[in-house]
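Source file: target.cif (mmCIF, C-alpha atoms)
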data_input
loop_
_atom_site.label_atom_id
_atom_site.label_comp_id
_atom_site.auth_asym_id
_atom_site.auth_seq_id
_atom_site.Cartn_x
_atom_site.Cartn_y
_atom_site.Cartn_z
CA MET A 30 0.00 0.00 0.00
CA LEU A 31 2.61 2.53 1.09
CA LYS A 32 4.85 1.29 -1.70
CA SER A 33 2.34 2.23 -4.37
CA VAL A 34 1.52 5.56 -2.71
CA ASN A 35 5.21 6.44 -2.59
CA ARG A 36 5.75 5.61 -6.22
CA VAL A 37 2.63 7.41 -7.44
CA VAL A 38 3.44 10.57 -5.47
CA LEU A 39 7.07 10.52 -6.58
CA ALA A 40 5.99 10.09 -10.19
CA LEU A 41 3.48 12.94 -9.95
CA ALA A 42 6.00 15.29 -8.36
CA GLY A 43 8.53 14.31 -11.01
CA LEU A 44 6.04 14.91 -13.78
CA VAL A 45 5.13 18.38 -12.49
CA LEU A 46 8.80 19.36 -12.16
CA LEU A 47 9.64 17.95 -15.57
CA VAL A 48 6.75 19.65 -17.35
CA VAL A 49 7.23 23.07 -15.72
CA GLY A 50 11.00 22.99 -15.99
CA GLY A 51 10.89 21.71 -19.53
CA ALA A 52 8.35 24.33 -20.60
CA VAL A 53 10.38 27.19 -19.14
CA LEU A 54 13.56 25.79 -20.63
CA ALA A 55 12.00 25.38 -24.07
CA THR A 56 10.58 28.91 -24.11
CA GLY A 57 13.72 30.44 -22.69
CA LEU A 58 15.87 28.79 -25.36
CA GLY A 59 13.71 30.39 -28.02
CA TRP A 60 11.55 27.58 -29.29
CA SER A 61 8.37 28.83 -30.93
CA ALA A 62 5.51 28.53 -28.47
CA PRO A 63 1.92 27.67 -29.36
CA SER A 64 -0.75 30.20 -28.46
CA TRP A 65 -2.02 28.41 -25.34
CA TRP A 66 1.51 28.22 -23.90
CA PRO A 67 1.74 30.01 -20.53
CA TRP A 68 4.74 32.06 -21.69
CA ASP A 69 4.90 34.18 -24.84
CA GLY A 70 8.56 34.12 -25.66
CA ARG A 71 12.11 34.59 -24.44
CA HIS A 72 11.36 38.06 -23.10
CA ASP A 73 8.36 37.07 -21.03
CA VAL A 74 8.79 36.79 -17.26
CA LEU A 75 7.98 33.81 -15.07
CA LEU A 76 5.13 35.45 -13.19
CA SER A 77 4.21 39.05 -13.91
CA THR A 78 2.82 41.35 -11.26
CA ALA A 79 -0.49 41.53 -13.11
CA ASP A 80 -0.78 37.73 -13.14
CA ARG A 81 0.13 37.52 -9.49
CA LEU A 82 -2.50 40.05 -8.45
CA ARG A 83 -5.19 38.85 -10.86
CA TRP A 84 -7.56 37.32 -8.31
CA ARG A 85 -6.38 39.16 -5.27
CA ASP A 86 -9.50 41.26 -4.86
CA GLU A 87 -11.88 38.34 -5.18
CA GLY A 88 -13.36 37.34 -1.86
CA TRP A 89 -12.63 33.61 -2.32
CA TRP A 90 -8.97 33.96 -3.31
CA TRP A 91 -7.12 34.09 -0.01
CA PRO A 92 -9.26 31.53 1.84
CA ALA A 93 -8.88 29.19 -1.13
CA VAL A 94 -5.10 29.62 -1.23
CA ILE A 95 -4.73 29.13 2.50
CA ALA A 96 -7.00 26.09 2.53
CA ALA A 97 -5.17 24.48 -0.41
CA LEU A 98 -1.74 25.06 1.16
CA ALA A 99 -2.96 23.73 4.49
CA VAL A 100 -4.28 20.58 2.85
CA VAL A 101 -0.97 20.08 1.07
CA VAL A 102 0.98 20.49 4.32
CA LEU A 103 -1.27 18.06 6.18
CA LEU A 104 -1.06 15.43 3.45
CA ALA A 105 2.71 15.78 3.28
CA LEU A 106 2.90 15.44 7.07
CA TRP A 107 0.82 12.26 6.98
CA TRP A 108 3.01 10.93 4.19
CA LEU A 109 6.17 11.74 6.15
CA LEU A 110 4.91 9.97 9.28
CA ALA A 111 3.85 6.96 7.21
CA GLN A 112 7.46 6.56 6.08
CA LEU A 113 8.73 6.53 9.63
CA ARG A 114 6.19 4.08 10.95
CA ARG A 115 7.05 0.44 10.62
CA SER A 116 3.84 -1.52 10.33
CA ARG A 117 4.51 -4.46 12.55
CA LEU A 118 1.99 -7.03 13.60
CA SER A 119 1.38 -7.10 17.34
CA GLU A 120 -0.70 -10.26 17.44
CA VAL A 121 -1.83 -13.17 15.32
CA LEU A 122 -5.26 -14.74 15.60
CA VAL A 123 -5.03 -18.48 16.06
CA ASP A 124 -8.09 -20.51 15.18
CA SER A 125 -8.14 -23.17 17.87
CA GLY A 126 -10.99 -25.08 16.28
CA ASP A 127 -13.47 -24.79 19.16
CA GLY A 128 -14.84 -21.46 18.05
CA ASP A 129 -12.96 -19.48 20.67
CA GLY A 130 -9.70 -18.75 18.98
CA ALA A 131 -6.61 -17.48 20.68
CA ARG A 132 -4.27 -14.58 20.32
CA LEU A 133 -0.61 -15.16 19.72
CA ARG A 134 1.74 -12.32 20.41
CA GLY A 135 3.54 -11.31 17.24
CA ARG A 136 6.81 -10.94 19.11
CA ALA A 137 6.55 -14.53 20.34
CA LEU A 138 6.07 -15.92 16.85
CA GLU A 139 8.88 -13.73 15.55
CA GLY A 140 11.20 -14.98 18.28
CA VAL A 141 10.40 -18.62 17.63
CA LEU A 142 10.88 -18.22 13.90
CA ALA A 143 14.19 -16.42 14.38
CA SER A 144 15.63 -18.94 16.82
CA GLU A 145 14.57 -21.85 14.66
CA ALA A 146 16.08 -20.21 11.60
CA GLU A 147 19.32 -19.60 13.48
CA ALA A 148 19.46 -23.28 14.37
CA LEU A 149 19.58 -24.22 10.69
CA PRO A 150 22.97 -25.18 9.33
CA GLY A 151 24.77 -22.34 7.65
CA VAL A 152 22.71 -19.59 9.25
CA ASP A 153 24.54 -17.26 11.58
CA ARG A 154 21.79 -14.84 12.54
CA ALA A 155 18.19 -14.32 11.59
CA HIS A 156 15.88 -11.38 11.93
CA VAL A 157 12.13 -11.80 11.60
CA SER A 158 9.33 -9.29 11.56
CA LEU A 159 5.67 -9.98 10.92
CA THR A 160 3.54 -7.72 8.78
CA GLY A 161 0.17 -8.08 7.13
CA ARG A 162 -3.11 -8.67 8.94
CA ARG A 163 -3.88 -10.52 12.14
CA THR A 164 -5.64 -13.29 10.29
CA ALA A 165 -3.18 -13.42 7.42
CA PRO A 166 0.28 -12.51 8.66
CA GLU A 167 3.32 -12.26 6.44
CA ALA A 168 6.92 -12.69 7.49
CA ARG A 169 9.91 -10.65 6.46
CA ILE A 170 13.08 -12.51 7.23
CA GLY A 171 16.70 -11.49 7.02
CA LEU A 172 19.24 -14.28 7.14
CA LEU A 173 22.94 -13.82 7.71
CA LEU A 174 24.76 -16.78 6.20
CA GLU A 175 27.96 -18.22 7.61
CA ALA A 176 31.02 -18.81 5.50
CA HIS A 177 30.64 -21.80 3.17
CA ALA A 178 26.89 -21.87 3.48
CA GLN A 179 24.78 -22.73 0.46
CA PRO A 180 22.11 -20.10 -0.14
CA ALA A 181 19.69 -22.34 -2.04
CA ALA A 182 19.90 -25.07 0.61
CA ALA A 183 19.49 -22.54 3.42
CA LEU A 184 16.38 -21.09 1.80
CA ALA A 185 14.94 -24.55 1.17
CA GLU A 186 15.50 -25.57 4.78
CA LEU A 187 14.03 -22.35 6.07
CA THR A 188 10.95 -22.93 3.93
CA GLY A 189 10.61 -26.58 4.85
CA GLU A 190 11.33 -26.32 8.54
CA ALA A 191 11.15 -22.99 10.33
CA LEU A 192 8.42 -21.42 8.22
CA GLU A 193 6.43 -24.62 7.93
CA HIS A 194 6.57 -25.21 11.71
CA ALA A 195 5.51 -21.64 12.42
CA ARG A 196 2.67 -21.87 9.93
CA ALA A 197 1.43 -25.18 11.31
CA SER A 198 1.72 -24.21 14.95
CA ALA A 199 -0.20 -20.98 14.45
CA GLY A 200 -2.84 -22.84 12.47
CA LEU A 201 -2.47 -20.61 9.45
CA ALA A 202 -3.45 -21.64 5.96
CA ALA A 203 -0.40 -19.93 4.53
CA LEU A 204 2.50 -17.87 5.79
CA PRO A 205 3.93 -15.90 2.89
CA ALA A 206 7.49 -14.83 3.49
CA GLU A 207 10.05 -12.54 1.94
CA VAL A 208 13.57 -13.66 2.70
CA ARG A 209 16.73 -11.63 2.18
CA LEU A 210 20.00 -13.50 2.42
CA ARG A 211 23.29 -11.82 3.24
CA ALA A 212 26.61 -13.32 4.12
CA VAL A 213 29.06 -12.77 6.94
CA LYS A 214 32.17 -11.11 5.60
CA HIS A 215 35.13 -13.40 5.94
CA ARG A 216 38.59 -13.78 4.54
CA ALA A 217 39.45 -16.21 1.80
CA GLN A 218 41.02 -19.43 3.01
CA ARG A 219 43.25 -21.45 0.79
CA VAL A 220 42.68 -25.18 0.95
CA SER A 221 45.42 -26.67 -1.15
CA MET B 29 43.24 -33.53 -5.44
CA SER B 30 42.96 -33.58 -1.69
CA GLU B 31 46.12 -35.63 -1.22
CA TYR B 32 48.01 -32.41 -0.71
CA ASP B 33 46.72 -32.28 2.83
CA THR B 34 49.88 -31.60 4.78
CA GLU B 35 48.55 -31.75 8.29
CA GLY B 36 47.12 -35.22 8.16
CA GLY B 37 50.37 -37.03 8.89
CA THR B 38 51.14 -35.83 12.38
CA GLN B 39 47.99 -36.95 14.12
CA ARG B 40 47.42 -40.56 13.23
CA LEU B 41 49.93 -42.36 15.43
CA PRO B 42 48.66 -45.92 15.89
CA VAL B 43 49.62 -46.35 19.53
CA ILE B 44 46.38 -47.54 21.01
CA GLU B 45 45.04 -50.74 19.62
CA ARG B 46 41.34 -49.98 20.05
CA THR B 47 40.47 -46.65 18.54
CA PRO B 48 36.75 -46.07 18.58
CA GLU B 49 36.92 -43.91 15.45
CA PRO B 50 36.14 -40.54 17.09
CA SER B 51 33.82 -38.85 14.68
CA GLY B 52 35.77 -37.55 11.78
CA SER B 53 35.88 -40.11 9.06
CA PRO B 54 32.44 -41.71 8.76
CA ASP B 55 30.34 -38.72 7.85
CA LEU B 56 31.33 -37.84 4.36
CA ASP B 57 31.18 -34.10 4.33
CA GLN B 58 31.93 -33.66 0.69
CA SER B 59 30.85 -30.96 -1.65
CA ALA B 60 29.53 -33.55 -4.06
CA SER B 61 26.69 -34.40 -1.73
CA SER B 62 25.33 -30.94 -2.19
CA ALA B 63 23.97 -31.88 -5.58
CA ALA B 64 21.25 -33.82 -3.79
CA TYR B 65 19.93 -30.60 -2.23
CA GLU B 66 19.02 -29.16 -5.61
CA PRO B 67 15.54 -27.82 -4.95
CA VAL B 68 14.42 -27.99 -8.53
CA GLY B 69 10.81 -27.03 -8.52
CA PRO B 70 9.20 -27.75 -11.87
CA GLY B 71 6.28 -25.55 -10.99
CA GLY B 72 6.64 -22.67 -8.58
CA ALA B 73 5.82 -19.05 -9.26
CA ARG B 74 7.97 -16.84 -11.43
CA ALA B 75 10.57 -14.93 -9.50
CA HIS B 76 10.22 -11.19 -9.84
CA ARG B 77 12.62 -8.45 -8.94
CA PHE B 78 12.37 -7.05 -5.44
CA TRP B 79 10.80 -3.60 -5.48
CA SER B 80 12.15 -1.01 -3.13
CA PRO B 81 9.55 0.85 -1.07
CA ARG B 82 11.39 4.09 -1.95
CA ARG B 83 11.21 5.32 1.59
CA THR B 84 14.13 7.72 1.50
CA PRO B 85 13.14 9.71 -1.61
CA ALA B 86 9.59 9.88 -0.28
CA LEU B 87 10.86 11.11 3.08
CA LEU B 88 13.02 13.79 1.49
CA LEU B 89 10.29 14.97 -0.86
CA ALA B 90 7.81 15.14 2.01
CA LEU B 91 10.28 17.18 4.08
CA VAL B 92 10.89 19.62 1.24
CA VAL B 93 7.18 20.03 0.56
CA ILE B 94 6.38 20.54 4.24
CA GLY B 95 9.18 23.05 4.63
CA ALA B 96 8.45 25.12 1.55
CA VAL B 97 4.66 25.07 1.66
CA GLY B 98 4.64 25.47 5.42
CA VAL B 99 6.72 28.65 5.34
CA LEU B 100 4.63 30.04 2.48
CA LEU B 101 1.44 29.26 4.37
CA TYR B 102 2.78 30.89 7.50
CA ASP B 103 3.77 34.03 5.65
CA ILE B 104 0.48 34.33 3.77
CA SER B 105 -1.43 33.97 7.02
CA ALA B 106 0.80 36.56 8.67
CA VAL B 107 0.14 39.04 5.87
CA ARG B 108 -3.59 38.35 6.16
CA ALA B 109 -3.29 39.13 9.82
CA GLY B 110 -1.88 42.52 8.96
CA ARG B 111 1.88 42.04 9.22
CA ASP B 112 4.45 42.68 6.53
CA ALA B 113 5.50 39.92 4.19
CA MET B 114 8.88 38.36 4.84
CA HIS B 115 11.80 39.75 2.92
CA TRP B 116 12.39 36.66 0.80
CA ARG B 117 8.84 36.70 -0.54
CA GLN B 118 9.14 40.30 -1.67
CA VAL B 119 12.42 39.52 -3.38
CA ALA B 120 10.96 36.42 -5.01
CA ALA B 121 7.92 38.28 -6.27
CA GLY B 122 10.17 40.96 -7.72
CA ASP B 123 12.44 38.43 -9.38
CA LEU B 124 9.56 36.48 -10.84
CA ALA B 125 8.18 39.68 -12.35
CA THR B 126 11.42 41.07 -13.74
CA ARG B 127 13.69 38.24 -14.81
CA GLN B 128 13.08 37.20 -18.38
CA LEU B 129 12.95 33.59 -19.46
CA GLN B 130 16.24 33.91 -21.32
CA ASP B 131 17.97 34.93 -18.09
CA THR B 132 20.72 32.46 -17.28
CA TRP B 133 19.52 31.78 -13.76
CA VAL B 134 15.99 31.11 -14.93
CA LEU B 135 17.33 28.65 -17.50
CA VAL B 136 19.59 26.96 -14.96
CA GLY B 137 16.71 26.68 -12.50
CA ALA B 138 14.41 25.26 -15.16
CA GLY B 139 17.04 22.76 -16.23
CA VAL B 140 17.64 21.62 -12.65
CA ALA B 141 13.90 21.27 -12.08
CA ALA B 142 13.45 19.24 -15.25
CA ALA B 143 16.38 16.97 -14.43
CA LEU B 144 15.12 16.47 -10.89
CA GLY B 145 11.68 15.65 -12.25
CA LEU B 146 13.11 13.10 -14.65
CA TRP B 147 15.07 11.52 -11.83
CA LEU B 148 11.99 11.27 -9.63
CA ILE B 149 10.09 9.60 -12.48
CA VAL B 150 12.93 7.13 -12.94
CA LEU B 151 12.90 6.43 -9.20
CA ALA B 152 9.15 5.83 -9.32
CA ALA B 153 9.26 3.53 -12.31
CA THR B 154 12.26 1.32 -11.63
CA PRO B 155 12.38 -1.48 -9.05
CA GLY B 156 15.63 -0.44 -7.42
CA LEU B 157 17.35 -2.86 -5.04
CA ARG B 158 19.87 -3.81 -7.67
CA ALA B 159 21.98 -5.49 -5.02
CA VAL B 160 19.35 -8.17 -4.40
CA LEU B 161 19.23 -11.09 -6.82
CA PRO B 162 15.89 -12.90 -6.90
CA MET B 163 16.13 -16.59 -6.06
CA ARG B 164 14.28 -19.43 -7.67
CA ARG B 165 10.90 -19.97 -6.06
CA THR B 166 10.19 -23.48 -4.95
CA THR B 167 6.91 -22.66 -3.25
CA ALA B 168 4.55 -19.89 -4.20
CA ASP B 169 4.60 -18.39 -0.71
CA VAL B 170 8.29 -17.80 -0.17
CA ARG B 171 10.31 -15.23 -2.08
CA GLY B 172 14.03 -15.29 -1.59
CA GLY B 173 16.53 -12.64 -2.47
CA LEU B 174 20.28 -13.10 -2.30
CA ASP B 175 22.59 -10.16 -1.80
CA ARG B 176 25.01 -9.77 -4.66
CA GLU B 177 27.86 -9.45 -2.19
CA ALA B 178 26.86 -12.70 -0.52
CA ALA B 179 26.72 -14.46 -3.87
CA ALA B 180 30.21 -13.20 -4.67
CA LEU B 181 31.52 -14.44 -1.30
CA VAL B 182 30.05 -17.91 -1.85
CA LEU B 183 31.60 -18.13 -5.30
CA ARG B 184 34.94 -16.90 -4.02
CA ASP B 185 34.96 -19.62 -1.40
CA ARG B 186 34.15 -22.13 -4.14
CA ALA B 187 37.00 -20.87 -6.27
CA MET B 188 39.47 -21.04 -3.38
CA GLU B 189 38.65 -24.71 -2.90
CA VAL B 190 40.13 -25.55 -6.30
CA SER B 191 43.68 -26.71 -5.84
CA GLY B 192 46.24 -24.48 -7.43
CA VAL B 193 44.25 -21.33 -6.86
CA GLN B 194 46.20 -18.84 -4.83
CA SER B 195 43.71 -16.03 -4.88
CA ALA B 196 40.47 -15.25 -6.61
CA ARG B 197 38.61 -12.07 -7.29
CA ILE B 198 34.92 -12.19 -8.14
CA ARG B 199 33.11 -9.46 -10.00
CA MET B 200 29.42 -10.10 -9.64
CA LYS B 201 27.09 -8.30 -12.00
CA ARG B 202 23.40 -8.91 -12.22
CA SER B 203 23.68 -11.35 -15.09
CA LYS B 204 27.35 -12.20 -15.30
CA VAL B 205 30.09 -13.34 -13.00
CA THR B 206 33.70 -12.63 -13.87
CA VAL B 207 36.29 -14.57 -11.94
CA ARG B 208 39.95 -13.66 -12.00
CA ALA B 209 42.09 -16.24 -10.30
CA LEU B 210 45.82 -16.46 -9.75
CA SER B 211 47.29 -19.93 -9.81
CA HIS B 212 50.71 -20.70 -8.40
CA PHE B 213 50.98 -24.32 -9.51
CA ARG B 214 49.37 -26.81 -11.91
CA GLU B 215 48.66 -26.19 -15.57
CA LEU B 216 46.55 -23.11 -16.12
CA ASP B 217 44.15 -24.99 -18.38
CA ASP B 218 43.57 -27.65 -15.74
CA VAL B 219 42.94 -25.02 -13.11
CA ARG B 220 40.53 -23.24 -15.41
CA ALA B 221 38.65 -26.45 -16.16
CA ASP B 222 38.39 -27.22 -12.44
CA LEU B 223 37.27 -23.67 -11.74
CA ASP B 224 34.61 -23.94 -14.42
CA THR B 225 33.07 -27.02 -12.85
CA ALA B 226 33.45 -25.79 -9.27
CA LEU B 227 31.91 -22.44 -10.03
CA GLY B 228 29.20 -24.02 -12.14
CA THR B 229 28.17 -26.06 -9.12
CA GLY B 230 28.54 -22.98 -6.97
CA ILE B 231 26.19 -21.01 -9.21
CA THR B 232 23.51 -23.69 -9.09
CA GLU B 233 23.88 -23.76 -5.31
CA LEU B 234 23.13 -20.05 -5.21
CA GLY B 235 19.64 -20.98 -6.37
CA LEU B 236 19.12 -17.84 -8.41
CA ALA B 237 16.11 -17.42 -10.64
CA LYS B 238 18.33 -16.40 -13.53
CA PRO B 239 21.71 -18.07 -13.11
CA PRO B 240 24.36 -15.60 -14.21
CA GLY B 241 26.78 -16.35 -17.00
CA LEU B 242 30.29 -17.31 -16.01
CA SER B 243 33.61 -16.16 -17.35
CA VAL B 244 36.84 -17.39 -15.81
CA HIS B 245 40.31 -15.94 -16.24
CA VAL B 246 43.32 -17.64 -14.72
CA GLY B 247 46.80 -16.20 -14.59
CA ARG B 248 50.10 -16.62 -12.83
CA PRO B 249 50.97 -14.34 -9.94
CA ALA B 250 53.70 -11.79 -10.64
CA LYS B 251 57.17 -13.23 -10.22
CA LYS B 252 59.20 -12.07 -7.26
CA LYS B 253 62.44 -10.49 -8.31
#

Structure translated into C-alpha cells:
Amino acid sequence: MLKSVNRVVLALAGLVLLVVGGAVLATGLGWSAPSWWPWDGRHDVLLSTADRLRWRDEGWWWPAVIAALAVVVLLALWWLLAQLRRSRLSEVLVDSGDGDGARLRGRALEGVLASEAEALPGVDRAHVSLTGRRTAPEARIGLLLEAHAQPAAALAELTGEALEHARASAGLAALPAEVRLRAVKHRAQRVS
Amino acid sequence: MSEYDTEGGTQRLPVIERTPEPSGSPDLDQSASSAAYEPVGPGGARAHRFWSPRRTPALLLALVVIGAVGVLLYDISAVRAGRDAMHWRQVAAGDLATRQLQDTWVLVGAGVAAALGLWLIVLAATPGLRAVLPMRRTTADVRGGLDREAAALVLRDRAMEVSGVQSARIRMKRSKVTVRALSHFRELDDVRADLDTALGTGITELGLAKPPGLSVHVGRPAKKK
C-alpha cells in the first residue's frame, strides 16, 4: 500500500517538475511557443505582477489559497509519518478449532521463527518481523549466512522447517514470506 | 586432489590398539553431496525483482514540501493578519516579475527542475534494489533474495577450494560473474577447467532465478624479483 503511494506521489512530483522545468527551458531557449503556452517568448517573465495580483480582490482567493496550502501540508505530514512508521503485527489470531480462537503475540512468533532459523545449518543470525493482517500474517526474514553456506539449501530448509513449523503451529493456511540473504564477511582461506 | 593435505600425517599415530573412530571419518562431508539438495521445482511461481519501497526519496520529498509550503502558508497567514510579508517573498515576487525567461539563472533553475523531475520519475518507475538477486521460487509463498555481495563471497569460497588457486577475485554483476584467479601451480588450463566445474556447481547452489553467465580468467601471480 505505502509502496504504491510512494511511487505514485514521486511520479506525480517528477512529472510536475519535468513539465514546468521543460516548458520554461524550451521557451527560454527560443523555441516557438503555441498560443495556449503560458509564456509568450524569451522576453516574457515567469510570473508578472499583473498575473500575481489577478484574483487578489476576489473574496474567495485568499481563503482558497490558504486552505489548499494547508491541505498540502497536512497530506505531506501524513506521508512523512507513514514513512517513519514500521507496520509491525502485534498479534496473530489463532483458530483453535473450538470457536474461541486465541491470540498469539507477534513478538513470540517472531522470536520462535528467528531462533529456529538460526538453528539451521549455515545460518549465523536471523531477523524476523511480521507484517500483514492478524488473520493473514506475512513474514519478512533477514538471514545472515555463515562462510561456506549454500544459499539455495538454506532457503529450502528455512521454507521446509522454520516457516512450515511456524505456519502449522499458528494454524495458518499460509504464511507468505520474503527472505533476504546476506553473508558474513570473511577472509578467503586457501585449501590446497 | 585432496592428497596435498599436509597436516594429516602428524595426528594418526597408531599407539592404542582400540580406537573407537572418534567422529571424523564416517560422515562424508563432501561438496559432491550438495547436488542432492538441488531444490528444482518444476512448478513454482515466477521470480520477480524485489521492489524497493522508496522510503528515502519519499521522506526527502515530504520534508521539502512541508518546509516550503509550510513557510509560504505561515507568511500568507501573517500578511492576512496585517503584518508585513517576509523579505524573501518580496524579493521572489520581484524576481519572478522582472527576470526574463532567457535569463541564465531562470534557464539553470528550469534545467535543474526538469532533471530532478526526470530523476523522480525514474525512481518511481524502476524497481531499485539492484543489489538483491531474486532466487528461484520453490513454493509460491516464499520469495528469496540473495545479496550480490553474498553471492560473490560464496563463489569466491568455491574458487578457493580448487587446488592451485592462490587467490580469486569475483566481479558479480546482475547477469554475469567474472572470476579472475591467480594460480601458483598446476597447468593453467587444468585449473581453469576445475574452476569452471566448481563455479558451475557454486552457481547452481546459489539458487538464483536467472543463473548468471560465467567467465573465468586464470593467470600466474607476478614473479618475485

Tell me the residues of chain B close to chain A, meaning within 6 Å using all atoms listed in the file, as JSON, numbers by chain.
{"B": [81, 83, 87, 90, 94, 124, 125, 127, 128, 129, 130, 135, 138, 141, 142, 145, 146, 148, 149, 152, 169, 170, 171, 172, 173, 174, 175, 178, 188, 189, 191, 233, 234, 235]}

Straight-line distance linking atom CA of Ala191 of chain A with atom CA of Arg154 of chain A, stated in Å to one decimal
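Going from atom CA of Ala191 of chain A over to atom CA of Arg154 of chain A covers 13.6 Å.
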
Decode the PyMOL selection byres ((chain A and resi 159) around 7) for the given file into explicit residues and return them as a count of residues only.
12

Spatial neighbours of segment 236-245 of chain B, 7 Å, all atoms listed in the file, chain gap at least 6 places, as a ChimeraX atom specification:
/B:75,161-164,203-209,220

Just to confirm, what's the straight-line distance from atom CA of Ile198 of chain B to atom CA of Arg186 of chain B in Å (one decimal)?
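Between these atoms lies a distance of 10.7 Å.
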
Just how far from atom CA of Asp217 of chain B is atom CA of Ser195 of chain B, in Å to one decimal?
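So the answer is 16.2 Å.
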
If you count only C-alpha atoms, which residues fall within 12 Å of Met114 of chain B, apart from same-chain ones fewer than 6 positions away, as a ChimeraX atom specification?
/B:99-107,120-121

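Taking all atoms listed in the file into account, Val93 of chain B lies nearest to A:Val100 out of the set A:Ala62, A:Val100, A:Val121, A:Ala155.
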
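Remark: for Trp79 of chain B, the closest of the candidate residues B:Ala250, B:Val182, B:Ala143, B:Val160 is B:Val160 (distances computed over all atoms listed in the file).
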
So that I can check the surroundings of Ser211 of chain B, please list as a VMD selection string every protein, DNA and RNA residue that reaches within 7 Å of it, counting only C-alpha atoms and ignoring chain neighbours fewer than 2 positions away.
chain B and resid 192 to 194 209 213 246 to 249

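What the PyMOL selection byres ((chain A and resi 143) around 6) grabs from this file is Gly140, Val141, Leu142, Ser144, Glu145, Ala146, Ala155, His156 and Val157 of chain A.
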